[in-house]
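S.K.: A single structure is presented below for examination.
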Amino acid sequence: MLGILSGGVYALMASGLTLIFGVLDIINIAQGILVILGAYLSYWLEQQFHVDLFVGLLFTMPIMFVVGVVTEWLFIRRLTWDRLTLSILATYGLALVIEGTLIFFFGSTNVILKAWYVDASVNVGGFYLPYIYIFGFLLAVVLLTSLYLLVYRTTFGRCLRASMQNRTAASLIGVHVERVQSITFGIGMSLAAAGGMAYGATSAFNASSSYDLISRLLVIIVLGGMGSLQGALFASLAMLIIGDITALVWSPVWSSTVFFILLVVLLLFRPQGIFGRLEGRKQ
């Protein structure tokens with residue numbers, strides 16, 4: 001049960017990463033530290049102003065959205081040659097700057113977000129489930145549903161999907177591709193803020209936690225299929241459920257290893273991932 005609830009939170013964090021790849025054709029290595037940044041913003045609001053964690057999202061998500069738009073305009077848009085490779089270097093450099101800034105202001109000691117629902121639990125069918133896992137899962141459902149409606153039920157969503165399929169053709173039919181890319185990067189960062197709050201309330205974290213986190217998020221989008229939102233959701237649930245089952249019937253030591261082994265086996269037969277497409281994207 002916890003695997004399913006946690007999987008929703010990981011899907012929320014991975015959705016921003018896969019959305020950015022699908023539209024901008026870049027791998028945002030900084031997504032892990034952006035999640036941690038979102039967690040620290042929630043922590044700062046709670047500590048300094050006693051703002052509830054979920055209420056704090058009304059502040060942190062817009063802030064991260066604006067930061068994302070500015071970041072795309074300042075750094076990502078300038079990558080015109082060998083975009084995919086240079087994006088890894090550029091976002092890795094961005095991640096190091098953010099990590100150093102967080103260590104300077106918050107130190108390297110582990111922290112965890114606090115609220116009444118973080119420590120309280122409810123009995124569901126004989127299992128005691130922490131409220132924060134339930135609330136975090138519901139948050140993921142609401143935001144991912146909103147993202148789905150945005151992508152598939154709005155004019156902006158049609159422009160976004162056109163940009164994902166073929167940027168050149170999209171620009172020829174009147175889509176402002178650069179504006180779509182900026183907004184998409186902002187959406188990816190705002191989702192990181194929401195995911196960071198849920199992650200920080202369920203796990204102790206510091207600035208260095210981003211390394212383990214980004215490795216998990218990259219595995220999720222590779223397994224699900226690069227650029228596939230439904231793939232990110234499926235892979236997130238699979239990763240956490242497989243880990244929980246392995247820890248229960250075998251050993252917690254092998255909970256992550258078994259998933260990575262299954263990932264390697266799957267990619268040998270389906271290198272594009274479960275929901276991905278094998279052919280390269282046309283420009």
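Residue numbers start at 1 in each chain; chains themselves are named A, B, ... in the order of the structure tokens; ligands are numbered from 1 in the order shown.
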Would you give me, as JSON lines, each residue of segment 93-194 of chain A having an atom within 12 Å of an atom of segment 3-7 of chain A, along with its shortest atom pair and that distance in Å to one decimal, using only C-alpha atoms and sorting by chain and residue number?
M.R.:
{"residue": "A:Leu129", "atom": "CA", "partner": "A:Leu5", "partner_atom": "CA", "distance": 9.7}
{"residue": "A:Pro130", "atom": "CA", "partner": "A:Leu5", "partner_atom": "CA", "distance": 10.3}
{"residue": "A:Tyr131", "atom": "CA", "partner": "A:Leu5", "partner_atom": "CA", "distance": 10.6}
{"residue": "A:Ile132", "atom": "CA", "partner": "A:Leu5", "partner_atom": "CA", "distance": 9.6}
{"residue": "A:Tyr133", "atom": "CA", "partner": "A:Leu5", "partner_atom": "CA", "distance": 5.9}
{"residue": "A:Ile134", "atom": "CA", "partner": "A:Leu5", "partner_atom": "CA", "distance": 6.5}
{"residue": "A:Phe135", "atom": "CA", "partner": "A:Leu5", "partner_atom": "CA", "distance": 9.0}
{"residue": "A:Gly136", "atom": "CA", "partner": "A:Leu5", "partner_atom": "CA", "distance": 7.5}
{"residue": "A:Phe137", "atom": "CA", "partner": "A:Leu5", "partner_atom": "CA", "distance": 5.2}
{"residue": "A:Leu138", "atom": "CA", "partner": "A:Leu5", "partner_atom": "CA", "distance": 8.6}
{"residue": "A:Leu139", "atom": "CA", "partner": "A:Leu5", "partner_atom": "CA", "distance": 10.5}
{"residue": "A:Ala140", "atom": "CA", "partner": "A:Leu5", "partner_atom": "CA", "distance": 9.3}
{"residue": "A:Val141", "atom": "CA", "partner": "A:Leu5", "partner_atom": "CA", "distance": 10.2}
S.K.: Per residue of segment 106-217 of chain A within 8 Å of segment 9-14 of chain A, which atom pair is closest and at what distance in Å (one decimal), using only C-alpha atoms, listed by chain and increasing number, as JSON lines?
M.R.:
{"residue": "A:Gly136", "atom": "CA", "partner": "A:Val9", "partner_atom": "CA", "distance": 6.4}
{"residue": "A:Phe137", "atom": "CA", "partner": "A:Val9", "partner_atom": "CA", "distance": 6.0}
{"residue": "A:Ala140", "atom": "CA", "partner": "A:Leu12", "partner_atom": "CA", "distance": 5.6}
{"residue": "A:Leu143", "atom": "CA", "partner": "A:Leu12", "partner_atom": "CA", "distance": 7.6}
{"residue": "A:Leu144", "atom": "CA", "partner": "A:Leu12", "partner_atom": "CA", "distance": 6.7}
{"residue": "A:Leu191", "atom": "CA", "partner": "A:Met13", "partner_atom": "CA", "distance": 6.4}
{"residue": "A:Ala192", "atom": "CA", "partner": "A:Met13", "partner_atom": "CA", "distance": 5.5}
{"residue": "A:Ala194", "atom": "CA", "partner": "A:Leu12", "partner_atom": "CA", "distance": 7.9}
{"residue": "A:Gly195", "atom": "CA", "partner": "A:Met13", "partner_atom": "CA", "distance": 5.0}
{"residue": "A:Gly196", "atom": "CA", "partner": "A:Met13", "partner_atom": "CA", "distance": 7.6}
{"residue": "A:Ala198", "atom": "CA", "partner": "A:Val9", "partner_atom": "CA", "distance": 6.8}
{"residue": "A:Tyr199", "atom": "CA", "partner": "A:Val9", "partner_atom": "CA", "distance": 7.3}
{"residue": "A:Leu217", "atom": "CA", "partner": "A:Ala14", "partner_atom": "CA", "distance": 5.4}
S.K.: Those residues with C-alpha atoms, as a compact mmCIF listing (two decimals), in the first residue's frame please?
M.R.:
# COMPACT_ATOMS: atom_id res chain seq x y z
CA GLY A 136 0.72 13.26 -0.79
CA PHE A 137 -0.90 10.69 -3.08
CA ALA A 140 -0.19 13.84 -6.93
CA LEU A 143 -1.78 17.77 -10.02
CA LEU A 144 -1.24 14.95 -12.52
CA LEU A 191 5.85 20.23 -10.18
CA ALA A 192 9.27 19.78 -8.58
CA ALA A 194 5.07 20.13 -5.10
CA GLY A 195 6.97 16.85 -5.26
CA GLY A 196 9.67 18.29 -3.01
CA ALA A 198 5.72 15.60 -0.34
CA TYR A 199 9.19 14.06 -0.49
CA LEU A 217 13.83 9.84 -11.51
S.K.: Can you measure atom CA of Thr85 of chain A to atom CA of Phe260 of chain A for me? One decimal in Å is fine.
M.R.: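 The value is 24.1 Å.
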S.K.: Report as a PyMOL selection string: the residues of segment 41-228 of chain A with a DSSP assignment of alpha helix (DSSP H), based on the backbone of this structure.
M.R.: chain A and resi 41-49+53-71+83-106+116-119+131-153+155-165+167-172+177-202+210-224
S.K.: May I ask for the distance between atom CA of Arg158 of chain A and atom CA of Trp81 of chain A, given in Å to one decimal place?
M.R.: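 Between atom CA of Arg158 of chain A and atom CA of Trp81 of chain A the gap is 26.7 Å.
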